[in-house]
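Student: The structure file target.cif (mmCIF, C-alpha atoms) is provided below.
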```cif
data_work
#
loop_
_atom_site.label_atom_id
_atom_site.label_comp_id
_atom_site.auth_asym_id
_atom_site.auth_seq_id
_atom_site.Cartn_x
_atom_site.Cartn_y
_atom_site.Cartn_z
CA MET A 1 -21.16 2.68 22.17
CA ASN A 2 -23.00 5.84 21.32
CA ILE A 3 -24.03 6.56 17.78
CA ASN A 4 -22.62 9.95 16.94
CA LEU A 5 -20.77 12.04 14.37
CA THR A 6 -18.18 9.30 13.99
CA LEU A 7 -20.71 7.58 11.77
CA ILE A 8 -20.71 10.41 9.26
CA GLY A 9 -16.96 10.84 9.62
CA GLN A 10 -16.46 7.17 8.80
CA SER A 11 -18.74 7.37 5.79
CA ILE A 12 -16.83 10.34 4.42
CA THR A 13 -13.46 8.73 5.13
CA PHE A 14 -14.62 5.55 3.47
CA ALA A 15 -15.84 7.43 0.41
CA LEU A 16 -12.53 9.29 0.15
CA PHE A 17 -10.53 6.07 0.42
CA VAL A 18 -12.66 4.41 -2.23
CA TRP A 19 -12.27 7.42 -4.49
CA PHE A 20 -8.49 7.44 -4.07
CA CYS A 21 -8.31 3.71 -4.65
CA MET A 22 -10.43 3.98 -7.78
CA LYS A 23 -8.41 6.89 -9.13
CA TYR A 24 -4.81 6.09 -8.25
CA VAL A 25 -4.46 2.51 -7.10
CA TRP A 26 -6.66 0.17 -9.08
CA PRO A 27 -6.15 1.36 -12.69
CA PRO A 28 -2.32 1.24 -12.82
CA ILE A 29 -2.13 -2.17 -11.16
CA MET A 30 -4.89 -3.57 -13.34
CA ALA A 31 -3.33 -2.07 -16.46
CA ALA A 32 0.00 -3.66 -15.58
CA LEU A 33 -1.69 -6.99 -14.95
CA ASP A 34 -3.58 -6.86 -18.24
CA GLU A 35 -0.47 -5.82 -20.12
CA ARG A 36 1.49 -8.65 -18.59
CA LYS A 37 -1.30 -11.07 -19.47
CA THR A 38 -1.13 -9.99 -23.11
CA LYS A 39 2.65 -10.17 -23.02
CA ILE A 40 2.64 -13.69 -21.65
CA ALA A 41 0.00 -14.77 -24.14
CA ASP A 42 2.05 -13.27 -26.96
CA GLY A 43 5.17 -14.92 -25.63
CA LEU A 44 3.45 -18.29 -25.46
CA ALA A 45 2.06 -17.87 -28.96
CA ALA A 46 5.50 -16.88 -30.23
CA ALA A 47 7.04 -19.89 -28.51
CA GLU A 48 4.48 -22.17 -30.12
CA LYS A 49 5.08 -20.59 -33.48
CA GLY A 50 8.81 -20.98 -32.99
CA GLN A 51 8.37 -24.63 -32.12
CA HIS A 52 6.21 -25.14 -35.18
CA GLU A 53 8.78 -23.41 -37.33
CA GLU A 54 11.55 -25.49 -35.83
CA GLU A 55 9.56 -28.58 -36.74
CA LEU A 56 9.13 -27.31 -40.27
CA ALA A 57 12.81 -26.44 -40.52
CA LYS A 58 13.70 -29.90 -39.29
CA GLN A 59 11.46 -31.44 -41.93
CA ARG A 60 12.98 -29.16 -44.55
CA ALA A 61 16.48 -30.06 -43.45
CA ALA A 62 15.65 -33.76 -43.56
CA LYS A 63 14.19 -33.35 -47.04
CA THR A 64 17.21 -31.43 -48.25
CA LEU A 65 19.54 -33.99 -46.74
CA LYS A 66 17.67 -36.82 -48.41
CA LYS A 67 17.74 -35.00 -51.73
CA ALA A 68 21.46 -34.36 -51.39
CA LYS A 69 22.06 -38.01 -50.58
CA ASP A 70 20.02 -39.11 -53.58
CA GLU A 71 21.86 -36.71 -55.80
CA ALA A 72 25.20 -37.86 -54.47
CA GLY A 73 24.14 -41.45 -55.12
CA GLU A 74 23.11 -40.57 -58.64
CA ILE A 75 26.33 -38.74 -59.28
CA LEU A 76 28.30 -41.65 -57.89
CA ALA A 77 26.44 -44.11 -60.07
CA ALA A 78 26.95 -41.91 -63.12
CA ALA A 79 30.62 -41.55 -62.32
CA GLN A 80 30.98 -45.27 -61.90
CA LYS A 81 29.24 -45.86 -65.21
CA ARG A 82 31.42 -43.28 -66.87
CA ALA A 83 34.52 -44.84 -65.38
CA THR A 84 33.52 -48.24 -66.70
CA GLU A 85 32.85 -46.68 -70.04
CA ILE A 86 36.22 -44.98 -70.08
CA VAL A 87 37.95 -48.20 -69.11
CA GLU A 88 36.05 -50.06 -71.83
CA GLU A 89 36.88 -47.37 -74.30
CA ALA A 90 40.51 -47.40 -73.29
CA LYS A 91 40.53 -51.16 -73.59
CA GLY A 92 39.06 -50.88 -77.05
CA THR A 93 41.52 -48.24 -78.10
CA ALA A 94 44.39 -50.24 -76.68
CA ARG A 95 43.27 -53.34 -78.49
CA ALA A 96 42.92 -51.44 -81.73
CA GLU A 97 46.28 -49.83 -81.23
CA ALA A 98 47.86 -53.18 -80.51
CA GLU A 99 46.28 -54.64 -83.58
CA ARG A 100 47.44 -51.68 -85.57
CA ILE A 101 50.98 -52.07 -84.24
CA VAL A 102 50.97 -55.79 -84.92
CA HIS A 103 49.58 -55.11 -88.36
CA SER A 104 52.14 -52.53 -89.20
CA ALA A 105 54.88 -54.72 -87.80
CA ASN A 106 53.70 -57.59 -89.94
CA ALA A 107 53.57 -55.30 -92.94
CA GLU A 108 57.04 -54.09 -92.22
CA ILE A 109 58.27 -57.61 -91.82
CA GLU A 110 56.65 -58.55 -95.11
CA GLN A 111 58.16 -55.51 -96.68
CA GLU A 112 61.55 -56.42 -95.30
CA VAL A 113 61.07 -59.94 -96.53
CA ASN A 114 60.04 -58.72 -99.92
CA ARG A 115 62.87 -56.29 -100.03
CA ALA A 116 65.29 -58.99 -98.99
CA ARG A 117 63.77 -61.26 -101.57
CA GLU A 118 64.12 -58.58 -104.21
CA GLU A 119 67.68 -57.97 -103.17
CA LEU A 120 68.27 -61.64 -103.17
CA ARG A 121 66.75 -61.89 -106.59
CA GLY A 122 68.91 -59.10 -107.89
CA LYS A 123 71.94 -60.72 -106.36
CA VAL A 124 70.94 -64.08 -107.78
CA VAL A 125 70.48 -62.45 -111.16
CA SER A 126 73.83 -60.78 -111.04
CA LEU A 127 75.31 -63.99 -109.69
CA ALA A 128 73.69 -65.90 -112.45
CA VAL A 129 74.87 -63.42 -114.98
CA ALA A 130 78.35 -63.55 -113.49
CA GLY A 131 78.19 -67.31 -113.46
CA ALA A 132 76.91 -67.44 -116.97
CA SER A 133 79.55 -65.10 -118.22
CA LYS A 134 82.15 -67.20 -116.57
CA VAL A 135 80.71 -70.24 -118.21
CA LEU A 136 80.51 -68.52 -121.54
CA LYS A 137 83.82 -66.79 -120.98
CA ARG A 138 82.42 -63.73 -122.36
CA GLU A 139 80.44 -60.94 -121.18
CA VAL A 140 76.81 -61.25 -121.31
CA ASP A 141 75.15 -58.08 -122.21
CA ALA A 142 72.64 -57.53 -119.49
CA LYS A 143 70.80 -55.08 -121.59
CA ALA A 144 70.47 -57.37 -124.48
CA ASN A 145 69.21 -60.14 -122.41
CA GLU A 146 66.98 -58.06 -120.29
CA ASP A 147 63.83 -59.96 -121.32
CA LEU A 148 65.50 -63.20 -120.47
CA LEU A 149 66.61 -61.94 -117.10
CA LYS A 150 63.24 -60.61 -116.30
CA ASP A 151 61.75 -63.95 -116.98
CA LEU A 152 64.29 -65.49 -114.70
CA VAL A 153 63.60 -63.07 -111.97
CA ALA A 154 59.93 -63.75 -112.31
CA GLN A 155 60.52 -67.41 -111.93
CA LEU A 156 62.50 -66.97 -108.76
CA MET B 1 -4.87 -2.90 33.65
CA ALA B 2 -6.91 -4.59 36.28
CA SER B 3 -5.28 -3.31 39.42
CA GLU B 4 -6.75 -3.45 42.91
CA THR B 5 -8.45 -0.13 42.47
CA VAL B 6 -10.22 -1.25 39.30
CA THR B 7 -12.94 -3.83 39.44
CA SER B 8 -13.50 -6.34 36.68
CA THR B 9 -16.61 -4.48 35.58
CA GLY B 10 -14.75 -1.22 35.59
CA TYR B 11 -11.96 -2.77 33.57
CA ILE B 12 -14.33 -4.07 30.95
CA LYS B 13 -16.26 -0.82 30.80
CA HIS B 14 -13.03 1.09 30.47
CA HIS B 15 -12.07 -1.03 27.52
CA LEU B 16 -15.40 -0.62 25.83
CA GLN B 17 -15.44 3.17 26.00
CA ASN B 18 -14.24 5.23 23.08
CA MET B 19 -12.20 8.36 23.43
CA THR B 20 -14.99 10.84 22.75
CA PHE B 21 -14.55 14.45 21.76
CA GLY B 22 -17.60 16.64 21.88
CA LYS B 23 -19.56 19.40 23.51
CA HIS B 24 -20.07 19.06 27.25
CA PRO B 25 -23.50 19.96 28.63
CA ASP B 26 -22.01 23.12 30.13
CA GLY B 27 -21.10 24.34 26.66
CA HIS B 28 -17.34 23.83 26.35
CA TRP B 29 -15.74 21.36 23.95
CA GLY B 30 -13.42 18.66 25.12
CA LEU B 31 -12.79 14.97 25.70
CA ALA B 32 -15.25 13.02 27.77
CA HIS B 33 -13.76 11.90 31.08
CA SER B 34 -16.27 9.23 31.87
CA VAL B 35 -18.79 6.95 30.28
CA ASN B 36 -21.63 9.18 31.40
CA GLU B 37 -20.01 12.33 30.08
CA ALA B 38 -19.61 10.66 26.70
CA LYS B 39 -23.26 9.66 26.75
CA GLU B 40 -24.39 13.18 27.58
CA MET B 41 -22.62 14.56 24.51
CA GLY B 42 -25.25 12.93 22.36
CA PHE B 43 -24.90 12.80 18.60
CA TRP B 44 -22.58 15.77 18.17
CA ALA B 45 -19.48 14.07 19.38
CA ILE B 46 -16.78 12.15 17.66
CA HIS B 47 -14.78 9.08 18.58
CA VAL B 48 -11.21 10.24 18.26
CA ASP B 49 -9.70 6.77 18.58
CA THR B 50 -11.99 5.19 15.96
CA MET B 51 -11.29 7.96 13.50
CA PHE B 52 -7.56 7.96 14.27
CA TRP B 53 -7.07 4.23 13.75
CA SER B 54 -9.35 3.90 10.76
CA ILE B 55 -7.73 6.82 8.97
CA LEU B 56 -4.22 5.70 9.94
CA LEU B 57 -4.87 2.17 8.64
CA GLY B 58 -6.68 3.42 5.56
CA VAL B 59 -3.81 5.72 4.73
CA LEU B 60 -1.37 2.89 5.35
CA PHE B 61 -3.32 0.72 2.91
CA LEU B 62 -3.51 3.43 0.26
CA TRP B 63 0.13 4.39 0.70
CA LEU B 64 1.24 0.78 0.30
CA PHE B 65 -0.91 0.13 -2.73
CA ARG B 66 -0.11 3.50 -4.27
CA LYS B 67 3.56 2.62 -3.93
CA ALA B 68 2.86 -0.65 -5.69
CA ALA B 69 0.78 1.09 -8.36
CA LYS B 70 3.62 3.51 -9.08
CA GLN B 71 6.06 0.70 -9.76
CA ALA B 72 3.46 -1.35 -11.60
CA THR B 73 5.04 -2.86 -14.64
CA SER B 74 4.12 -5.50 -17.14
CA GLY B 75 7.58 -6.99 -16.57
CA GLN B 76 8.68 -8.97 -13.56
CA PRO B 77 6.89 -7.80 -10.42
CA SER B 78 8.76 -7.67 -7.13
CA GLY B 79 8.36 -6.80 -3.46
CA VAL B 80 5.30 -4.79 -2.54
CA LEU B 81 3.95 -4.97 -6.09
CA ASN B 82 3.88 -8.73 -5.90
CA PHE B 83 1.85 -8.57 -2.73
CA ALA B 84 -0.50 -5.90 -4.09
CA GLU B 85 -1.03 -7.84 -7.30
CA TRP B 86 -1.86 -10.95 -5.36
CA ILE B 87 -4.62 -9.11 -3.49
CA VAL B 88 -5.80 -7.19 -6.54
CA GLU B 89 -6.12 -10.40 -8.54
CA PHE B 90 -7.99 -12.05 -5.72
CA ILE B 91 -10.42 -9.12 -5.50
CA ASP B 92 -10.72 -8.96 -9.26
CA SER B 93 -11.68 -12.61 -9.53
CA SER B 94 -14.21 -12.19 -6.69
CA VAL B 95 -15.75 -9.22 -8.45
CA ARG B 96 -15.82 -11.04 -11.79
CA GLY B 97 -17.49 -13.96 -10.07
CA SER B 98 -20.29 -12.04 -8.39
CA PHE B 99 -20.70 -8.80 -10.31
CA THR B 100 -22.20 -9.24 -13.74
CA SER B 101 -22.58 -5.65 -14.92
CA LYS B 102 -19.86 -3.22 -15.84
CA ASN B 103 -18.86 -0.58 -13.35
CA ASN B 104 -15.35 0.64 -12.71
CA LEU B 105 -16.23 1.58 -9.16
CA VAL B 106 -17.04 -1.85 -7.80
CA ALA B 107 -13.61 -3.49 -7.93
CA PRO B 108 -11.75 -0.61 -6.20
CA LEU B 109 -14.63 -0.42 -3.73
CA ALA B 110 -14.24 -4.10 -2.96
CA LEU B 111 -10.48 -3.75 -2.64
CA THR B 112 -10.82 -0.84 -0.24
CA VAL B 113 -13.44 -2.63 1.81
CA PHE B 114 -11.45 -5.82 2.06
CA VAL B 115 -8.05 -4.40 2.94
CA TRP B 116 -9.31 -1.61 5.13
CA VAL B 117 -11.67 -3.81 7.14
CA PHE B 118 -8.97 -6.45 7.41
CA LEU B 119 -6.45 -3.95 8.77
CA MET B 120 -8.94 -2.53 11.25
CA ASN B 121 -9.86 -6.03 12.35
CA PHE B 122 -6.21 -6.93 12.57
CA MET B 123 -5.75 -4.45 15.41
CA ASP B 124 -7.74 -6.95 17.46
CA LEU B 125 -4.69 -9.21 17.53
CA VAL B 126 -2.62 -6.62 19.35
CA PRO B 127 -2.89 -7.55 23.04
CA VAL B 128 -5.83 -5.60 24.43
CA ASP B 129 -3.87 -3.63 27.02
CA TRP B 130 -0.84 -2.51 25.06
CA LEU B 131 -2.13 0.44 23.10
CA PRO B 132 -4.69 1.63 25.70
CA SER B 133 -1.94 1.53 28.35
CA LEU B 134 0.36 3.45 26.05
CA ALA B 135 -2.41 5.99 25.45
CA GLY B 136 -3.03 6.19 29.20
CA TRP B 137 0.65 6.76 29.83
CA VAL B 138 0.90 9.41 27.11
CA GLY B 139 -2.26 11.10 28.42
CA ALA B 140 -1.01 11.04 31.99
CA SER B 141 2.53 12.17 31.32
CA MET B 142 1.93 14.70 28.55
CA PHE B 143 -1.53 16.07 29.24
CA GLY B 144 -1.75 15.42 32.94
CA ALA B 145 -4.89 13.35 32.55
CA ASP B 146 -5.99 10.62 34.90
CA PRO B 147 -4.98 7.40 33.10
CA HIS B 148 -8.22 5.79 34.24
CA HIS B 149 -10.12 8.37 32.30
CA VAL B 150 -8.12 8.04 29.11
CA TYR B 151 -10.25 5.82 26.94
CA PHE B 152 -8.72 4.26 23.90
CA ARG B 153 -10.18 1.57 21.67
CA VAL B 154 -7.89 0.42 18.92
CA VAL B 155 -10.22 -1.80 16.91
CA SER B 156 -12.32 0.59 14.84
CA THR B 157 -14.66 -2.15 13.65
CA THR B 158 -15.82 -2.78 17.23
CA ASP B 159 -17.31 0.70 17.11
CA PRO B 160 -20.75 0.43 15.48
CA ASN B 161 -20.27 3.95 14.14
CA ALA B 162 -17.49 2.70 11.88
CA THR B 163 -19.34 -0.32 10.54
CA ILE B 164 -22.65 1.50 10.14
CA GLY B 165 -20.82 4.39 8.51
CA MET B 166 -19.33 2.06 5.95
CA SER B 167 -22.54 0.18 5.36
CA LEU B 168 -24.43 3.46 4.94
CA ALA B 169 -21.91 4.51 2.30
CA VAL B 170 -22.48 1.19 0.54
CA PHE B 171 -26.23 1.66 0.94
CA GLY B 172 -25.97 5.11 -0.61
CA LEU B 173 -24.14 3.63 -3.59
CA MET B 174 -26.80 0.93 -3.87
CA LEU B 175 -29.59 3.48 -3.99
CA PHE B 176 -27.65 5.68 -6.39
CA TYR B 177 -26.99 2.90 -8.87
CA SER B 178 -30.46 1.40 -8.48
CA ILE B 179 -31.99 4.70 -9.52
CA LYS B 180 -29.32 5.40 -12.13
CA ILE B 181 -29.66 2.01 -13.84
CA LYS B 182 -33.39 1.34 -13.45
CA GLY B 183 -34.69 4.88 -13.19
CA ILE B 184 -36.92 6.10 -10.40
CA GLY B 185 -39.88 4.28 -11.93
CA GLY B 186 -37.99 1.01 -12.24
CA PHE B 187 -36.69 1.23 -8.72
CA THR B 188 -40.13 2.04 -7.35
CA ALA B 189 -41.60 -0.81 -9.33
CA GLU B 190 -39.00 -3.11 -7.86
CA LEU B 191 -40.09 -2.05 -4.39
CA THR B 192 -43.83 -2.27 -5.01
CA MET B 193 -44.56 -4.83 -7.73
CA HIS B 194 -42.86 -7.81 -6.12
CA PRO B 195 -43.26 -10.43 -4.83
CA PHE B 196 -47.08 -10.30 -5.26
CA HIS B 197 -48.29 -9.45 -8.69
CA SER B 198 -51.71 -9.44 -10.27
CA HIS B 199 -53.11 -8.42 -13.65
CA ASN B 200 -56.21 -7.16 -11.97
CA LYS B 201 -55.58 -3.45 -11.30
CA LEU B 202 -57.66 -3.37 -8.13
CA VAL B 203 -55.96 -6.42 -6.63
CA GLN B 204 -52.60 -4.98 -7.57
CA LEU B 205 -53.49 -1.80 -5.75
CA ILE B 206 -54.00 -3.82 -2.58
CA PHE B 207 -50.75 -5.67 -3.15
CA ILE B 208 -48.67 -2.50 -3.46
CA PRO B 209 -48.49 -1.62 0.26
CA ILE B 210 -47.84 -5.27 1.18
CA ASN B 211 -45.09 -5.53 -1.42
CA PHE B 212 -43.61 -2.24 -0.34
CA PHE B 213 -43.54 -3.31 3.26
CA LEU B 214 -41.78 -6.60 2.44
CA GLU B 215 -39.34 -5.12 -0.04
CA PHE B 216 -38.58 -2.12 2.11
CA VAL B 217 -37.72 -4.30 5.08
CA SER B 218 -35.45 -6.46 2.97
CA LEU B 219 -33.84 -3.34 1.50
CA ILE B 220 -33.21 -1.78 4.90
CA ALA B 221 -32.02 -5.10 6.28
CA LYS B 222 -29.10 -5.12 3.87
CA PRO B 223 -27.05 -2.23 5.28
CA ILE B 224 -28.06 -3.04 8.84
CA SER B 225 -27.06 -6.69 8.60
CA LEU B 226 -23.89 -5.72 6.77
CA ALA B 227 -22.89 -3.35 9.56
CA LEU B 228 -24.04 -5.42 12.50
CA ARG B 229 -22.48 -8.67 11.28
CA LEU B 230 -19.02 -7.14 11.22
CA PHE B 231 -19.58 -5.17 14.40
CA GLY B 232 -21.00 -8.16 16.27
CA ASN B 233 -18.20 -10.50 15.31
CA MET B 234 -15.46 -8.07 16.12
CA TYR B 235 -17.12 -6.87 19.31
CA ALA B 236 -17.54 -10.41 20.56
CA GLY B 237 -13.96 -11.24 19.63
CA GLU B 238 -12.67 -8.22 21.47
CA MET B 239 -14.85 -9.04 24.45
CA ILE B 240 -13.30 -12.47 24.72
CA PHE B 241 -9.81 -10.97 24.56
CA ILE B 242 -10.79 -8.60 27.37
CA LEU B 243 -12.19 -11.46 29.45
CA ILE B 244 -9.03 -13.48 28.88
CA ALA B 245 -6.98 -10.42 29.86
CA LEU B 246 -8.90 -10.31 33.13
CA MET B 247 -7.31 -13.63 34.03
CA PHE B 248 -3.88 -12.01 34.08
CA SER B 249 -4.79 -10.24 37.31
CA ALA B 250 -5.58 -13.52 39.07
CA SER B 251 -3.36 -16.34 40.34
CA MET B 252 -0.31 -17.79 38.55
CA THR B 253 -2.27 -20.77 37.22
CA MET B 254 -4.96 -18.50 35.87
CA GLN B 255 -2.31 -16.33 34.26
CA ALA B 256 -0.74 -19.33 32.55
CA LEU B 257 -4.14 -20.54 31.43
CA GLY B 258 -4.93 -17.02 30.21
CA GLY B 259 -1.73 -16.97 28.18
CA VAL B 260 -2.65 -20.23 26.47
CA LEU B 261 -6.21 -19.07 25.87
CA GLN B 262 -5.09 -15.74 24.50
CA LEU B 263 -2.73 -17.43 22.06
CA GLY B 264 -5.41 -19.91 21.00
CA TRP B 265 -8.07 -17.28 20.55
CA ALA B 266 -5.68 -15.01 18.67
CA ILE B 267 -4.81 -17.79 16.24
CA PHE B 268 -8.47 -18.59 15.74
CA HIS B 269 -9.17 -14.90 15.40
CA ILE B 270 -6.82 -14.63 12.41
CA LEU B 271 -9.41 -16.67 10.58
CA ILE B 272 -12.31 -14.57 11.83
CA ILE B 273 -10.84 -11.18 10.95
CA THR B 274 -10.02 -12.34 7.42
CA LEU B 275 -13.37 -14.03 7.02
CA GLN B 276 -15.30 -10.99 8.22
CA ALA B 277 -13.37 -8.70 5.89
CA PHE B 278 -14.08 -11.13 3.06
CA ILE B 279 -17.79 -11.38 3.91
CA PHE B 280 -18.15 -7.63 4.09
CA MET B 281 -16.47 -7.33 0.70
CA THR B 282 -18.48 -10.12 -0.93
CA LEU B 283 -21.79 -8.73 0.35
CA THR B 284 -20.82 -5.27 -0.89
CA ILE B 285 -20.20 -6.75 -4.34
CA VAL B 286 -23.44 -8.73 -4.26
CA TYR B 287 -25.48 -5.71 -3.17
CA MET B 288 -23.91 -3.63 -5.91
CA ASP B 289 -24.73 -6.36 -8.39
CA MET B 290 -28.36 -6.40 -7.21
CA ALA B 291 -28.50 -2.64 -7.65
CA HIS B 292 -27.30 -3.07 -11.24
CA SER B 293 -29.42 -5.99 -12.34
CA GLU B 294 -33.00 -5.65 -13.47
CA HIS B 295 -35.59 -8.17 -12.49
#
```
Do you think you could lay out the structure here as structure tokens?
Tutor:
Amino acid sequence: MNINLTLIGQSITFALFVWFCMKYVWPPIMAALDERKTKIADGLAAAEKGQHEEELAKQRAAKTLKKAKDEAGEILAAAQKRATEIVEEAKGTARAEAERIVHSANAEIEQEVNRAREELRGKVVSLAVAGASKVLKREVDAKANEDLLKDLVAQL
Amino acid sequence: MASETVTSTGYIKHHLQNMTFGKHPDGHWGLAHSVNEAKEMGFWAIHVDTMFWSILLGVLFLWLFRKAAKQATSGQPSGVLNFAEWIVEFIDSSVRGSFTSKNNLVAPLALTVFVWVFLMNFMDLVPVDWLPSLAGWVGASMFGADPHHVYFRVVSTTDPNATIGMSLAVFGLMLFYSIKIKGIGGFTAELTMHPFHSHNKLVQLIFIPINFFLEFVSLIAKPISLALRLFGNMYAGEMIFILIALMFSASMTMQALGGVLQLGWAIFHILIITLQAFIFMTLTIVYMDMAHSEH
């Protein structure tokens, strides 16, 4: 246990080790640690941001979905309304058409009736004329008695 | 190695003697062959075993950590880097906790102190006879030396030269930074103006030598206590291992008891070697902090 040169040798060795450690060991490890710390912090921040964005996107999606549903509802309601309108319109048209058809049919019938009546009148006139001529045994001049015949026709 | 020819005292003395290389009184250089020869060499001798183990372990530490530093990446750490980072982070947090100024030297200093001292202390857990016996065998078979005169101590921190050497280096750094940060005037003032202070110039003049005496003692006490605490703990630990080893030369019961004791003490010693390395490191940081802080 003598104190000797070993003391100085140890001091020098120690100093050299510390120097080496300070120069080549500590800085790279510390740099890596610091870099990793930043990286992790960044990663965590990014994750948080991502989560926040996901939340926002979800809200946006929900909003869009709601809007789309509302719009669809509106469109459906409008379509329904339009359909009712069309049906009503069609009903109206159909009714009018039917009325028109009935009207024209009635008119035609009246026309036919009139025509038949006219025809009948004419026939009655000629029959009357024929009858009269038979009674008179001579020919009745239709032209001469036109005024008379017209009166007759009018009375029929 | 306690055979019939070696007494217990001789065995213990043998274990407590370093392998010393120096100048013999007759002028030639060589290894000391006995305790007295080593003593006669005086200051100009060197403990080969202390230097060998401390340098070997220091190089091992630096090699391991340099390897880790080379593969240091901000990505996923693995293997030796993981281990190195664990220690580096531990040291870094210790330094951040105790050292308030900014100095890039302190953290690597603390790391070196902690790991190096731990490794040197760790050699204490190797059974006390293994490496000295190996050295004795190598000395006898390769150099033709008498194995009883081949001294070999494997725990460098049980050599006061090693611990005082380290503490002196720390002390040198303390003085250097004290003067660098506070200036010679500031440092002198720190030594002479505390703890007694007076506004009266004459009274202050009387206080100066008293203050200097008190402060100087406390300044000198730092490196001495730093060195002797580590040395004392490790020396005592080694001594107990040697005493336990003595039991192996006695009866069967004593041998069995010795085995149990050795195991128990070794397990307990794991705590001590780590604790002593940690204390040495923490005190180094604290002393460096004191050197940096102004009163």
Student: Tell me as a list in words which residues belonging to chain B come within 6 Å of chain A, counting all atoms listed in the file.
Tutor: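 Close to chain A, chain B has Phe43, Trp44, Ala45, Ile46, His47, Arg66, Ala69, Ala72, Thr73, Ser74, Pro108, Leu109, Thr112, Asn161, Ala162, Gly165, Met166 and Ala169 of chain B.
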Student: Can you find the residues with an atom no farther than 12 Å from (-11.7, -1.9, 28.6), counting all atoms listed in the file, and report them as a ChimeraX atom specification?
Tutor: /B:1-2,6-19,35,127-133,136,148-155,235,238-246
Student: How many Å lie between atom CA of Gln204 of chain B and atom CA of Gly185 of chain B, rounded to one decimal?
Tutor: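 Atom-to-atom, atom CA of Gln204 of chain B and atom CA of Gly185 of chain B are spaced 16.3 Å apart.
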Student: List as a list in words the protein and nucleic acid residues near segment 151-154 of chain A, meaning an atom at most 8 Å away when only C-alpha atoms are counted, but skip any in the same chain fewer than 5 places from it.
Tutor: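 Skipping anything fewer than 5 positions along the chain leaves Arg121, Gly122 and Val125 of chain A.
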Student: Measure the distance from atom CA of Asp289 of chain B to atom CA of Ile220 of chain B in Å and round it to one decimal.
Tutor: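 Atom-to-atom, atom CA of Asp289 of chain B and atom CA of Ile220 of chain B are spaced 16.4 Å apart.
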Student: Grab the atom CA of Thr253 of chain B to atom CA of Phe268 of chain B distance for me, in Å with one decimal place.
Tutor: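 Computing it gives 22.5 Å between the two atoms.
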Student: As a check of understanding, name the residues that the PyMOL selection byres ((chain B and resi 270) around 10) selects in the supplied structure, as a PyMOL selection string.
Tutor: chain B and resi 118+121-122+124-125+265-269+271-275
Student: I need the residue nearest Ser93 of chain B from this list: B:Asp49, B:Gly237, B:Thr282, B:Arg229. Use all atoms listed in the file for the distance.
Tutor: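 Among B:Asp49, B:Gly237, B:Thr282, B:Arg229, it is B:Thr282 that comes nearest to Ser93 of chain B.
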Student: Can you translate the PyMOL selection byres ((chain B and resi 216) around 12) into the concrete residues it hits in this file, as a list in words?
Tutor: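 When the PyMOL selection byres ((chain B and resi 216) around 12) is applied to the shown file, the picked residues are Phe187, Thr188, Ala189, Glu190, Leu191, Thr192, Met193, His194, Pro195, Ile208, Pro209, Ile210, Asn211, Phe212, Phe213, Leu214, Glu215, Val217, Ser218, Leu219, Ile220, Ala221, Lys222 and Pro223 of chain B.
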Student: Calculated over only C-alpha atoms, which of the candidates B:Met281, B:Ala38, B:Met234, B:Ala107 has the smallest distance to Glu89 of chain B?
Tutor: B:Ala107
Student: Taking all atoms of segment 112-128 of chain B that the file lists and extending 8 Å past them on each side, where is the centre of the axis-aligned box and how long are its edges? Answer in Å to one decimal, as lines of an AutoDock Vina configuration file.
Tutor:
```
center_x = -8.0
center_y = -5.0
center_z = 12.1
size_x = 26.8
size_y = 24.4
size_z = 40.7
```
Student: Of the residues B:Thr157, B:Gln255, B:Phe90, B:Phe143, which is the one nearest to Ala236 of chain B, using all atoms listed in the file?
Tutor: B:Thr157
Student: Going by the chain IDs and residue numbers used in this file, which residues fall under the PyMOL selection byres ((chain B and resi 116) around 9)? Write them as a ChimeraX atom specification.
Tutor: /B:54,57-58,61,111-115,117-121,277
Student: Could you write those residues out with C-alpha atoms, as a CSV table (one decimal), in the frame of the given file?
Tutor:
```csv
chain,number,residue,atom,x,y,z
B,54,SER,CA,-9.4,3.9,10.8
B,57,LEU,CA,-4.9,2.2,8.6
B,58,GLY,CA,-6.7,3.4,5.6
B,61,PHE,CA,-3.3,0.7,2.9
B,111,LEU,CA,-10.5,-3.8,-2.6
B,112,THR,CA,-10.8,-0.8,-0.2
B,113,VAL,CA,-13.4,-2.6,1.8
B,114,PHE,CA,-11.4,-5.8,2.1
B,115,VAL,CA,-8.0,-4.4,2.9
B,117,VAL,CA,-11.7,-3.8,7.1
B,118,PHE,CA,-9.0,-6.4,7.4
B,119,LEU,CA,-6.4,-4.0,8.8
B,120,MET,CA,-8.9,-2.5,11.2
B,121,ASN,CA,-9.9,-6.0,12.4
B,277,ALA,CA,-13.4,-8.7,5.9
```
